[in-house]
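Note: the block below is start-v5.cif and it holds mmCIF, C-alpha atoms and all ligand atoms.
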data_final
loop_
_atom_site.label_atom_id
_atom_site.label_comp_id
_atom_site.auth_asym_id
_atom_site.auth_seq_id
_atom_site.Cartn_x
_atom_site.Cartn_y
_atom_site.Cartn_z
CA MET A 1 98.49 113.08 110.72
CA LEU A 2 101.46 115.04 109.42
CA LYS A 3 102.04 116.99 112.62
CA LYS A 4 104.45 114.39 113.98
CA TYR A 5 106.85 115.35 111.15
CA TYR A 6 106.82 119.12 111.85
CA LYS A 7 110.13 120.70 112.79
CA LYS A 8 111.30 124.29 113.36
CA VAL A 9 114.35 125.39 111.39
CA PRO A 10 116.97 126.59 113.91
CA LYS A 11 117.33 130.41 113.86
CA GLN A 12 120.99 130.28 112.82
CA GLU A 13 120.09 128.25 109.69
CA ILE A 14 117.50 130.74 108.39
CA HIS A 15 118.60 132.83 105.40
CA LYS A 16 117.77 136.41 106.35
CA GLU A 17 117.54 137.54 102.69
CA LEU A 18 114.98 134.83 101.84
CA LYS A 19 112.88 135.70 104.89
CA GLU A 20 112.84 139.35 103.85
CA LYS A 21 112.24 138.70 100.15
CA TYR A 22 109.36 136.19 100.38
CA LYS A 23 106.36 137.07 102.49
CA ASN A 24 105.19 133.44 102.53
CA PHE A 25 108.49 132.37 104.13
CA CYS A 26 107.83 129.89 106.97
CA ASP A 27 110.30 128.49 109.49
CA THR A 28 108.39 125.22 110.04
CA ILE A 29 109.22 122.30 107.76
CA ILE A 30 107.80 118.81 107.36
CA HIS A 31 110.72 116.51 108.02
CA ILE A 32 110.19 113.50 105.73
CA ASP A 33 112.97 111.95 103.63
CA TRP A 34 111.16 110.58 100.58
CA ASP A 35 114.29 108.63 99.53
CA LYS A 36 114.00 106.42 102.61
CA ILE A 37 110.50 105.19 101.68
CA LEU A 38 110.56 102.00 99.64
CA PHE A 39 107.51 102.67 97.42
CA ASN A 40 106.76 105.35 94.85
CA ARG A 41 103.89 106.53 92.60
CA VAL A 42 104.57 103.70 90.14
CA SER A 43 104.11 101.09 92.91
CA PHE A 44 100.66 102.39 93.88
CA ILE A 45 99.41 102.94 90.33
CA THR A 46 100.64 99.50 89.23
CA ALA A 47 98.90 97.84 92.19
CA ALA A 48 95.62 99.51 91.19
CA THR A 49 95.91 98.56 87.51
CA GLN A 50 96.26 94.89 88.49
CA LYS A 51 92.73 94.94 89.89
CA PHE A 52 91.17 95.31 86.44
CA ASP A 53 90.87 92.84 83.62
CA LYS A 54 92.14 94.85 80.59
CA CYS A 55 92.70 98.03 82.59
CA ARG A 56 92.24 101.35 80.73
CA TYR A 57 94.93 103.78 81.96
CA LEU A 58 95.21 107.57 81.48
CA GLU A 59 98.17 109.72 82.55
CA ILE A 60 97.97 113.54 82.52
CA GLY A 61 101.51 115.00 82.32
CA CYS A 62 104.09 112.40 81.22
CA ASP A 63 107.35 114.34 80.80
CA ASN A 64 110.15 111.82 80.14
CA ASN A 65 107.78 108.82 80.47
CA ILE A 66 109.40 107.45 83.65
CA CYS A 67 105.99 106.51 85.01
CA PHE A 68 104.09 106.13 81.73
CA LYS A 69 106.46 103.48 80.35
CA SER A 70 106.52 101.58 83.67
CA ILE A 71 102.77 100.98 83.92
CA PRO A 72 102.13 97.37 82.80
CA VAL A 73 98.96 98.07 80.82
CA VAL A 74 98.43 97.71 77.05
CA ASP A 75 95.54 100.17 76.69
CA LYS A 76 97.17 103.42 77.85
CA VAL A 77 96.80 107.09 76.98
CA GLY A 78 99.37 109.71 78.00
CA VAL A 79 98.65 113.42 77.50
CA ASP A 80 101.34 116.11 77.55
CA PRO A 81 101.69 119.31 75.49
CA GLU A 82 105.51 119.22 75.67
CA ARG A 83 106.96 115.71 75.81
CA GLY A 84 106.11 112.08 76.55
CA GLY A 85 102.87 110.10 76.38
CA ASN A 86 101.08 109.48 73.09
CA ILE A 87 98.83 112.57 72.80
CA LYS A 88 100.61 115.92 72.43
CA ASP A 89 98.03 118.30 73.87
CA THR A 90 96.92 120.04 77.06
CA SER A 91 94.66 118.18 79.47
CA ASP A 92 91.86 120.71 78.86
CA ASN A 93 91.88 120.04 75.11
CA PHE A 94 92.15 116.30 75.67
CA PHE A 95 89.07 116.20 77.91
CA LYS A 96 87.10 118.39 75.47
CA ASN A 97 87.52 115.80 72.71
CA ASN A 98 87.71 112.55 74.69
CA LYS A 99 84.88 110.00 74.52
CA ASN A 100 86.60 107.13 76.36
CA LYS A 101 86.21 105.87 79.92
CA PHE A 102 89.10 104.83 82.20
CA ASP A 103 89.75 102.56 85.22
CA VAL A 104 92.92 104.22 86.55
CA ILE A 105 93.98 107.85 86.00
CA PHE A 106 97.22 109.49 87.13
CA ILE A 107 97.11 113.31 87.32
CA ASP A 108 100.59 114.83 87.21
CA GLY A 109 100.28 117.76 84.78
CA LEU A 110 100.44 121.46 85.64
CA HIS A 111 100.97 121.69 89.42
CA ILE A 112 98.80 124.72 90.00
CA TYR A 113 95.66 124.50 92.12
CA GLU A 114 93.21 125.88 89.50
CA GLN A 115 94.46 123.50 86.78
CA CYS A 116 94.76 120.43 89.01
CA ARG A 117 91.20 120.75 90.36
CA LYS A 118 89.96 121.07 86.75
CA ASP A 119 91.91 117.91 85.84
CA VAL A 120 90.32 116.09 88.81
CA MET A 121 86.77 117.19 87.94
CA ASN A 122 87.24 116.17 84.29
CA SER A 123 88.81 112.87 85.37
CA LEU A 124 85.92 112.06 87.71
CA ASN A 125 83.57 112.36 84.72
CA VAL A 126 85.48 109.78 82.67
CA LEU A 127 86.33 107.37 85.52
CA ASP A 128 84.11 104.32 85.94
CA LYS A 129 82.65 103.50 89.38
CA ASN A 130 85.29 101.62 91.48
CA GLY A 131 88.04 103.24 89.41
CA TYR A 132 91.08 105.01 90.87
CA ILE A 133 92.64 108.45 90.49
CA PHE A 134 96.21 109.05 91.71
CA LEU A 135 97.79 112.49 92.15
CA HIS A 136 101.47 113.26 92.56
CA ASP A 137 103.06 115.98 94.78
CA MET A 138 100.33 116.46 97.37
CA THR A 139 102.73 117.15 100.28
CA PRO A 140 104.98 120.22 100.18
CA ARG A 141 107.60 119.96 102.95
CA ASN A 142 108.48 123.63 103.12
CA TRP A 143 107.37 127.05 101.84
CA ALA A 144 109.79 126.95 98.87
CA GLU A 145 108.52 123.61 97.50
CA GLU A 146 105.00 125.05 97.61
CA ASN A 147 105.75 128.51 96.18
CA VAL A 148 103.86 129.50 93.03
CA PRO A 149 105.54 130.33 90.70
CA ARG A 150 108.22 127.64 90.99
CA LEU A 151 111.52 128.84 92.46
CA LYS A 152 114.75 127.96 90.67
CA ASN A 153 116.70 124.87 91.84
CA THR A 154 114.04 123.46 94.18
CA LEU A 155 111.89 120.36 94.17
CA TRP A 156 108.37 121.60 93.47
CA THR A 157 104.91 120.39 94.47
CA GLY A 158 103.14 123.67 93.72
CA ASP A 159 99.93 124.40 95.64
CA ILE A 160 97.92 121.35 94.60
CA TRP A 161 97.64 120.33 98.29
CA LYS A 162 94.48 122.47 98.15
CA VAL A 163 92.92 119.79 95.95
CA ALA A 164 93.61 117.25 98.75
CA ILE A 165 91.62 119.46 101.14
CA GLU A 166 88.66 119.59 98.74
CA LEU A 167 88.80 115.86 97.99
CA SER A 168 88.86 115.06 101.71
CA LYS A 169 85.46 116.80 101.91
CA THR A 170 84.02 115.28 98.72
CA LYS A 171 81.25 112.70 99.13
CA GLY A 172 81.03 109.45 97.18
CA ILE A 173 84.77 108.72 97.16
CA ASP A 174 87.46 107.28 99.45
CA PHE A 175 90.44 109.62 99.55
CA PHE A 176 93.86 109.25 101.21
CA VAL A 177 97.28 110.83 100.81
CA ILE A 178 100.05 108.24 101.00
CA ASN A 179 103.27 109.36 102.71
CA ALA A 180 105.63 108.45 99.87
CA ASP A 181 107.16 110.08 96.77
CA MET A 182 106.23 113.70 97.62
CA GLY A 183 102.71 112.71 98.70
CA VAL A 184 100.60 110.46 96.48
CA GLY A 185 96.86 111.15 96.51
CA MET A 186 94.69 108.07 96.08
CA LEU A 187 91.01 108.32 95.26
CA LYS A 188 88.56 105.47 94.76
CA LYS A 189 85.23 106.34 93.15
CA LYS A 190 82.44 104.72 95.17
CA GLU A 191 79.41 106.21 93.42
CA GLU A 192 78.46 106.74 89.79
CA ASN A 193 78.05 110.50 90.13
CA VAL A 194 80.45 112.41 92.37
CA VAL A 195 80.18 116.16 93.02
CA TYR A 196 83.60 117.74 93.74
CA HIS A 197 83.56 119.76 96.99
CA ASP A 198 84.14 123.42 96.05
CA ASP A 199 86.19 125.37 98.61
CA PHE A 200 87.94 127.55 96.02
CA GLU A 201 87.16 130.97 97.51
CA ASN A 202 88.52 129.94 100.93
CA LEU A 203 91.62 128.22 99.61
CA LYS A 204 92.80 130.22 96.59
CA ASN A 205 95.06 132.62 98.52
CA SER A 206 96.35 130.10 101.10
CA LYS A 207 100.06 129.37 101.41
CA PHE A 208 102.30 126.74 102.99
CA LYS A 209 101.81 128.11 106.52
CA ASP A 210 98.02 127.61 106.09
CA PHE A 211 98.64 124.07 104.79
CA LEU A 212 100.23 123.22 108.15
CA THR A 213 96.85 123.61 109.87
CA LEU A 214 94.39 122.97 107.01
CA ASN A 215 95.82 119.49 106.35
CA GLU A 216 94.24 118.20 109.57
CA CYS A 217 91.14 117.12 107.60
CA VAL A 218 93.23 114.92 105.25
CA ASN A 219 93.62 111.20 105.85
CA TYR A 220 97.40 110.57 105.64
CA ILE A 221 98.56 106.95 105.57
CA GLU A 222 101.97 105.30 105.46
CA ALA A 223 103.23 103.67 102.25
CA GLY A 224 102.77 100.00 103.22
CA GLU A 225 99.24 100.73 104.40
CA GLY A 226 98.54 102.35 101.01
CA ILE A 227 99.66 99.25 99.10
CA ASN A 228 97.59 96.96 101.38
CA LEU A 229 94.55 99.18 101.02
CA ILE A 230 94.69 99.12 97.22
CA LEU A 231 95.26 95.35 97.06
CA SER A 232 92.57 94.50 99.64
CA LYS A 233 89.63 96.68 98.52
C1 LIG A 301 105.98 116.43 86.75
S1 LIG A 301 105.97 116.22 85.04
C2 LIG A 301 105.20 114.62 84.86
C3 LIG A 301 106.01 113.47 85.34
C4 LIG A 301 105.48 112.07 85.05
N1 LIG A 301 104.07 111.92 85.29
C5 LIG A 301 106.22 111.04 85.91
O1 LIG A 301 105.64 110.49 86.83
O2 LIG A 301 107.41 110.80 85.65
C6 LIG A 301 104.71 117.34 84.55
C7 LIG A 301 104.38 117.34 83.08
O3 LIG A 301 103.13 118.01 82.92
C8 LIG A 301 103.12 118.61 81.66
N2 LIG A 301 102.06 119.62 81.58
C9 LIG A 301 102.17 120.95 81.84
N3 LIG A 301 100.99 121.56 81.60
C10 LIG A 301 100.13 120.60 81.19
C11 LIG A 301 98.77 120.60 80.79
N4 LIG A 301 98.04 121.73 80.76
N5 LIG A 301 98.19 119.42 80.43
C12 LIG A 301 98.91 118.27 80.46
N6 LIG A 301 100.21 118.21 80.84
C13 LIG A 301 100.81 119.36 81.20
C14 LIG A 301 104.53 119.15 81.48
O4 LIG A 301 104.82 119.31 80.11
C15 LIG A 301 105.37 118.08 82.17
O5 LIG A 301 105.92 117.19 81.23
#
As C-alpha cells, the full file:
Amino acid sequence: MLKKYYKKVPKQEIHKELKEKYKNFCDTIIHIDWDKILFNRVSFITAATQKFDKCRYLEIGCDNNICFKSIPVVDKVGVDPERGGNIKDTSDNFFKNNKNKFDVIFIDGLHIYEQCRKDVMNSLNVLDKNGYIFLHDMTPRNWAEENVPRLKNTLWTGDIWKVAIELSKTKGIDFFVINADMGVGMLKKKEENVVYHDDFENLKNSKFKDFLTLNECVNYIEAGEGINLILSK
C-alpha cells in the first residue's frame, strides 16, 4: 500500500505557472525519502545472483556502470547504445540477435512505458524458470518525476509504473515493488511459459494522478522484507 505515504502540497507552495503550463499537474505527492532507506537496487540484484551457481546476468541500460560493475558475477552482459556495459546496442537489437538464457535480468534502459514493456516481454523469453527480473524506477513520487518527456533538472522515473500494473495481473510469476531506490520491481518466474498481461489500451494515456489510484493492485513491500523474500525463496 502506497496510500499511507500520500500528502497534499500546501496551497502556498504550489507554483501557479507550473499548474497552468502542465495539464497533468497534481497536488498530491508520495512522501518517501529514498535516501533514508538502507538498501538499493544493487542490494536486491546481488542477493538474487547469490542463489545461482554460476549465475548468468543481463543488464539493459548501464550508463556509467554503477550497478553493472557492482554485481559480483563473472558471466555478465550489459547492453547500452550510449555508454557502459559490454554490448553497445539498443535492447531491441540485442534481443533480436541473442541466443543465450539468463538467471537474473535488470531492466533499466529507456524509461518509457512502450519500450519497458517490450524489454520485459523479451526478457521473460530468455529468463529460465525460477529466474529473476528487476526493474528500476517503478514509483514516481510526483507528477514531474513521471512526466514524459523528461523535464529538466528533475529525478525521472518516466511512466514505467504502468508495467508494474500489468505485471501485477500477469499469471505464472510472483511480482512485488520494493519501497527503496525509486521503486524496485522484483519478478520471479514460476512457470516455463509466461504470458504478459496486456492492458496497453487502458493504460497508455494515464498520468501520475491515475497512478495514485491504479497502484492499488500492486504488491508494495518494504526494503527489508524484499531482501528476506529473495533470500528465503
Ligand atoms: C538510468 S540509466 C541506467 C543506470 C544503470 N542501470 C544503473 O543502475 O546505474 C539508463 C540507460 O539506458 C540507456 N538506454 C536508453 N535507451 C536504451 C535502449 N533502447 N536500450 C538499452 N539501453 C538504453 C541509456 O543510454 C542510459 O545509459
Item to check | Of the listed residues A:Ile230, A:Ile66, A:Ala223, A:Ile30, that which approaches ligand LIG 301 (chain A) most closely, counting all atoms listed in the file | outcome: A:Ile66
Enclose all atoms of ligand LIG 301 (chain A) listed in the file in an axis-aligned box, grow every side by 5 Å, and hand back centre and edge lengths in Å to one decimal, as AutoDock Vina command-line options.
--center_x 102.7 --center_y 116.1 --center_z 83.5 --size_x 19.4 --size_y 21.2 --size_z 16.7
Next on the checklist: The residues within 9 Å of (89.4, 110.7, 77.9), using all atoms listed in the file and the coordinates of the file, should be reported as number ranges by chain; which are they?
Outcome noted: A: 58, 77, 94-102, 122-123, 126-127
Item to check | Distance query Asp63 in chain A at most 12 Å, all atoms listed in the file, self and fewer than 6 positions along chain excluded, as number ranges by chain | outcome: A: 69, 78-88, 108-110
Checklist outcome for this item: Separating CA of Met121 in chain A from CA of Lys3 in chain A, to the nearest tenth of an Å, is a gap of 29.0 Å
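Residues near the point (108.2, 114.6, 108.9), at a distance of 8 Å or less over all atoms listed in the file, make up Leu2, Lys3, Lys4, Tyr5, Tyr6, Lys7, Ile29, Ile30, His31, Ile32 and Asp33 of chain A.
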Checklist entry - Separation of CA of Leu124 in chain A and CA of Glu201 in chain A, in Å? => result 21.3 Å
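A straight line drawn from CA of Cys116 in chain A to CA of Pro149 in chain A is 14.7 Å long.
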